[in-house]
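*Asks:* Can you read through this structure? Questions will come right after.
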Amino acid sequence: QVHLVESGGGSVQSGGSLRLSCGVDRNIFDFNAMGWYRQAPGKQRELVASINVGGRTDYADSVQGRFSISRDNAQNTVALQMNTLKPEDTAIYYCFARILRSYTWGPGTQVTVTV
């Protein structure tokens, strides 16, 4: 069974930055992709950013140019650098690891952006 551990959430003022990290207890190349979803109160979970086994990255339009996802192969971790944060970025952020159509989720970490 795969386990994901997230860290780095918190509260920041609008325009600030946070960095999320997600560690997995397996070789990161076992997965087709890893990344982050988020869910704000009353809204559906949405994909924020992902990185596939080949290193290709994808971003939601709403975070393009502000967020950056990266991977540390030696540490089996994925990081999400979030800059120029906005109040609408407030959500619980969930790390995921995907093998084909099977997803494993982290417990989630709260990100709060205040005006």
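Residues are referred to by chain and number: the chain letter is A, B, ... according to the order shown in the structure tokens, the number counts from 1 in that chain, and ligands are numbered separately from 1 in the order shown.
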When DSSP is applied to the backbone of this structure, which of segment 10-69 of chain A are assigned strand (DSSP E)? Write them out as a ChimeraX atom specification.
*Replies:* /A:10-13,18-24,33-39,46-52,57-59,67-69
*Asks:* Mind checking DSSP for chain A and telling me the helix (DSSP H, G or I) residues as a list of chain:residue names?
*Replies:* A:Ile28, A:Phe29, A:Asp30, A:Pro87, A:Glu88, A:Asp89
*Asks:* Selection from above, N, CA, C and O atoms, as a compact mmCIF listing (two decimals), in the first residue's frame, can you write it?
*Replies:*
```txt
# COMPACT_ATOMS: atom_id res chain seq x y z
N ILE A 28 9.61 6.94 -6.98
CA ILE A 28 8.72 7.88 -7.65
C ILE A 28 8.44 7.47 -9.09
O ILE A 28 7.39 7.81 -9.66
N PHE A 29 9.33 6.73 -9.70
CA PHE A 29 9.14 6.30 -11.09
C PHE A 29 8.21 5.10 -11.22
O PHE A 29 7.95 4.64 -12.33
N ASP A 30 7.70 4.60 -10.09
CA ASP A 30 6.67 3.57 -10.14
C ASP A 30 5.34 4.14 -10.61
O ASP A 30 4.44 3.39 -10.98
N PRO A 87 -6.47 35.10 -2.62
CA PRO A 87 -7.47 34.51 -1.72
C PRO A 87 -8.21 33.33 -2.34
O PRO A 87 -8.57 32.38 -1.63
N GLU A 88 -8.41 33.35 -3.65
CA GLU A 88 -9.12 32.25 -4.30
C GLU A 88 -8.30 30.97 -4.38
O GLU A 88 -8.80 29.92 -4.80
N ASP A 89 -7.02 31.02 -3.97
CA ASP A 89 -6.21 29.82 -3.87
C ASP A 89 -6.45 29.07 -2.56
O ASP A 89 -5.93 27.97 -2.36
```
*Asks:* Just checking: using only C-alpha atoms, which residue out of A:Tyr94, A:Asn73, A:Glu46, A:Gln39 ends up closest to Asp61 of chain A?
*Replies:*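 With only C-alpha atoms as the atom set, the closest residue is A:Glu46.
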*Asks:* Residues near Ile51 of chain A, anyone? I mean within 10 Å using only C-alpha atoms, not counting same-chain ones fewer than 4 positions away, as a list in words.
*Replies:* Asn32, Ala33, Met34, Gly35, Trp36, Gly55, Arg56, Thr57, Asp58, Tyr59, Ile69, Ser70, Arg71, Val78 and Ala97 of chain A
*Asks:* Calculate how many Å separate atom CA of Ser102 of chain A from atom CA of Gln64 of chain A, rounding to one decimal.
*Replies:*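 Rounded to one decimal, the two atoms are 25.8 Å apart.
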*Asks:* In Å to one decimal, how far is atom CA of Ser21 of chain A from atom CA of Gln1 of chain A?
*Replies:*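 If I compute the distance from atom CA of Gln1 of chain A to atom CA of Ser21 of chain A, I get 19.9 Å.
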*Asks:* Which residues are close to Lys86 of chain A, i.e. within 7 Å by only C-alpha atoms, leaving aside same-chain residues fewer than 4 positions away? Reply as a ChimeraX atom specification.
*Replies:* /A:14-15,113
*Asks:* Store the residues picked out above, limited to C-alpha atoms, as a PDB file, in the first residue's frame.
*Replies:*
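As a result, result19.pdb now contains:
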```pdb
ATOM      1  CA  SER A  14      -2.270  37.767  -0.602  1.00  0.00           C
ATOM      2  CA  GLY A  15       0.793  38.041  -2.834  1.00  0.00           C
ATOM      3  CA  VAL A 113      -4.598  33.140   1.701  1.00  0.00           C
TER       4      VAL A 113
END
```
*Asks:* When distances are computed from only C-alpha atoms, which of A:Asn27, A:Gln44, A:Gln13, A:Asn76 shows the smallest separation from Val111 of chain A?
*Replies:*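 That would be A:Gln13, the residue with the smallest distance to Val111 of chain A.
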*Asks:* Could you state the separation of atom CA of Arg19 of chain A and atom CA of Ala79 of chain A in Å, given to one decimal place?
*Replies:* 6.9 Å
*Asks:* Using only C-alpha atoms, which residue out of A:Ala40, A:Val48, A:Met82, A:Cys95 lies closest to His3 of chain A?
*Replies:*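 Smallest distance to His3 of chain A is found for A:Cys95.
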*Asks:* Within 7 Å of segment 4-9 of chain A, counting only C-alpha atoms, which residues qualify if same-chain residues fewer than 2 places away don't, as a PyMOL selection string?
*Replies:* chain A and resi 2+19-25+95+105-106+108-111
